[in-house]
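First the structure, in the form of structure tokens, and then the observations on it.
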Amino acid sequence: MEFSFLHLFAQASWLVKLVMVSLVILSLASWTQIFTKTMSLASESRSNKVFESNFWNGGDLFALYQRLNNHHRRGECTLERTFEAAFKEFMKQKQYPLKDSSQVLGSLERAMRASSQRDLDSMESGLSFIATVGSISPYIGLLGTVWGIMNAFSGLAMAGQATLSQVAPGIAEALVTTAIGLFAAIPAVIAYNRFNRQIEKVANQCDAFSDELSNILLRQS
């Protein structure tokens, strides 16, 4: 008796086939999103490190801002865009030298928070899909398993005599859907938790940088 995946798929009922195909599609889509998000967050981490190194080398902040703006592009990373938003707001506030320092600080914090939140929202895009795959795939697989076992026992009842050769194909067909469901769910759950930790790290890094930048700009005002 052959128990290859293709053989089991060919012998499966229409509902079990639908479950298998759905799980394979979900798995492929999840892996595509995982690969894309991995590359994106790795690039974000590298760019943040490079910018942070340039920022803390003791150079003039206005010169750094001018150099970034001369490229006529949006910043490459969260810290860079946060700095640009804060310094742009700082230059606006310098036009009103009699303004209270608490008002200046509030304006800077709002500008930095808005910029960093847009980036964090962008980083979190796609995570809900990965989480959904991780949570529903086992249940979709379980649906195929239950249906397959029901078909197997229904066939046994009609045959009137139970033998291993009669039971094995139906049970194998049923269990393979659970295996596919777990294969789709486990990487998705691991990736989702990993991405959440990485995004949280970026958020904490951005908060610390924003606090330091606010203090520096207030002293310069």
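Residues in the structure tokens are named by chain (A, B, ... in the order shown) and by number from 1 within that chain; ligands are numbered from 1 in the order shown.
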Practice task
Within 8 Å of Ile130 in chain A, counting only C-alpha atoms, which residues show up once you throw out same-chain ones fewer than 5 positions away? Write them as a PyMOL selection string, please.
Solution key: chain A and resi 30+33-34+188-189+191-192
Problem - Nearby residues (only C-alpha atoms) at most 12 Å from Arg219 in chain A, same-chain spacing under 2 positions excluded, as number ranges by chain - result: A: 90, 101, 104-105, 212-217, 221
Output all heavy atoms for every residue in the selection just made, as a short mmCIF file (atom, residue, chain, number, x, y, z; two decimals), in the first residue's frame.
```
data_model
loop_
_atom_site.label_atom_id
_atom_site.label_comp_id
_atom_site.auth_asym_id
_atom_site.auth_seq_id
_atom_site.Cartn_x
_atom_site.Cartn_y
_atom_site.Cartn_z
N PHE A 90 12.01 71.85 15.16
CA PHE A 90 12.90 72.72 15.95
C PHE A 90 13.19 74.01 15.19
O PHE A 90 13.19 75.11 15.78
CB PHE A 90 14.19 71.97 16.26
CG PHE A 90 15.23 72.81 16.95
CD1 PHE A 90 15.05 73.23 18.25
CD2 PHE A 90 16.39 73.19 16.27
CE1 PHE A 90 16.01 74.00 18.89
CE2 PHE A 90 17.35 73.95 16.90
CZ PHE A 90 17.17 74.37 18.21
N SER A 101 9.75 76.94 26.98
CA SER A 101 10.49 75.72 26.66
C SER A 101 9.60 74.48 26.71
O SER A 101 9.81 73.53 25.96
CB SER A 101 11.67 75.55 27.62
OG SER A 101 11.21 75.47 28.95
N VAL A 104 7.92 74.20 23.41
CA VAL A 104 8.87 73.70 22.41
C VAL A 104 9.05 72.20 22.56
O VAL A 104 9.02 71.45 21.58
CB VAL A 104 10.23 74.42 22.54
CG1 VAL A 104 11.24 73.81 21.55
CG2 VAL A 104 10.08 75.90 22.30
N LEU A 105 9.22 71.75 23.81
CA LEU A 105 9.40 70.33 24.06
C LEU A 105 8.17 69.54 23.62
O LEU A 105 8.29 68.46 23.01
CB LEU A 105 9.66 70.10 25.55
CG LEU A 105 9.83 68.64 26.00
CD1 LEU A 105 11.02 68.01 25.30
CD2 LEU A 105 9.99 68.55 27.52
N GLU A 212 16.82 61.75 24.21
CA GLU A 212 18.14 62.38 24.11
C GLU A 212 18.12 63.55 23.14
O GLU A 212 18.68 64.61 23.41
CB GLU A 212 19.18 61.35 23.65
CG GLU A 212 19.46 60.24 24.65
CD GLU A 212 20.22 60.75 25.86
OE1 GLU A 212 20.79 61.87 25.78
OE2 GLU A 212 20.24 60.05 26.88
N LEU A 213 17.46 63.36 22.01
CA LEU A 213 17.40 64.43 21.00
C LEU A 213 16.63 65.63 21.52
O LEU A 213 17.02 66.78 21.27
CB LEU A 213 16.75 63.89 19.72
CG LEU A 213 16.65 64.87 18.55
CD1 LEU A 213 18.03 65.39 18.15
CD2 LEU A 213 15.97 64.20 17.35
N SER A 214 15.56 65.39 22.26
CA SER A 214 14.80 66.50 22.84
C SER A 214 15.67 67.33 23.77
O SER A 214 15.65 68.57 23.73
CB SER A 214 13.59 65.96 23.61
OG SER A 214 12.69 65.31 22.75
N ASN A 215 16.44 66.66 24.62
CA ASN A 215 17.32 67.37 25.55
C ASN A 215 18.37 68.19 24.81
O ASN A 215 18.66 69.34 25.16
CB ASN A 215 18.00 66.38 26.49
CG ASN A 215 17.03 65.73 27.44
OD1 ASN A 215 15.99 66.31 27.78
ND2 ASN A 215 17.32 64.51 27.87
N ILE A 216 18.94 67.60 23.76
CA ILE A 216 19.97 68.31 22.99
C ILE A 216 19.41 69.54 22.30
O ILE A 216 19.99 70.64 22.36
CB ILE A 216 20.60 67.36 21.93
CG1 ILE A 216 21.38 66.23 22.62
CG2 ILE A 216 21.50 68.12 20.98
CD1 ILE A 216 21.86 65.15 21.68
N LEU A 217 18.26 69.40 21.68
CA LEU A 217 17.66 70.53 20.97
C LEU A 217 17.19 71.62 21.92
O LEU A 217 17.28 72.82 21.61
CB LEU A 217 16.49 70.05 20.11
CG LEU A 217 16.87 69.12 18.94
CD1 LEU A 217 15.62 68.69 18.18
CD2 LEU A 217 17.84 69.81 17.98
N SER A 221 18.34 75.55 22.05
CA SER A 221 17.39 76.65 21.90
C SER A 221 17.61 77.73 22.95
O SER A 221 17.08 78.81 22.85
CB SER A 221 15.96 76.13 22.01
OG SER A 221 15.70 75.63 23.31
#
```
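Counting only C-alpha atoms and comparing A:Ser102, A:Thr32, A:Ser116, A:Ser135, the residue that lies closest to Ala85 in chain A is A:Ser116.
Closest approach to Leu218 in chain A among A:Thr38, A:Asn196, A:Ser107, A:Asn70 is made by A:Ser107 (distances from only C-alpha atoms).
Of the residues listed (A:Thr78, A:Thr145, A:Ser154, A:Asn57), A:Thr78 shows the shortest atom-to-atom separation from Ser43 in chain A; distances use only C-alpha atoms.
Distances here use only C-alpha atoms; by that measure, the residue among A:Ser53, A:Leu79, A:Ser27, A:Ala86 closest to Thr132 in chain A is A:Ser27.
Interatomic distance, CA of Ser125 in chain A against CA of Leu41 in chain A: 11.8 Å.
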Can you pull out every residue within 9 Å of Glu124 in chain A, counting only C-alpha atoms, but drop anything in the same chain fewer than 3 positions away, and send it as a short mmCIF file (atom, residue, chain, number, x, y, z; two decimals) with C-alpha atoms, in the first residue's frame?
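Ended up saving to result-v3.cif:
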```cif
data_model
loop_
_atom_site.label_atom_id
_atom_site.label_comp_id
_atom_site.auth_asym_id
_atom_site.auth_seq_id
_atom_site.Cartn_x
_atom_site.Cartn_y
_atom_site.Cartn_z
CA ASP A 119 7.19 53.69 10.89
CA LEU A 120 6.11 51.26 13.60
CA ASP A 121 2.70 50.88 11.96
CA LEU A 127 1.92 40.60 11.15
CA SER A 128 -1.82 40.13 11.57
CA PHE A 195 9.02 40.02 14.67
CA ASN A 196 7.14 41.43 17.64
CA ILE A 199 9.67 45.82 16.49
#
```
Practice task
Please indicate the distance in Å from CA of Leu26 in chain A to CA of Asn151 in chain A, rounded to one decimal place.
Solution key: 25.0 Å
Practice task
Might you pull out every residue within 8 Å of range 12-19 of chain A, with only C-alpha atoms counted and same-chain residues fewer than 3 positions away left off, and present them as a PyMOL selection string?
Solution key: chain A and resi 8-9+22-23+140-141+143-145+147-148+173-174+177
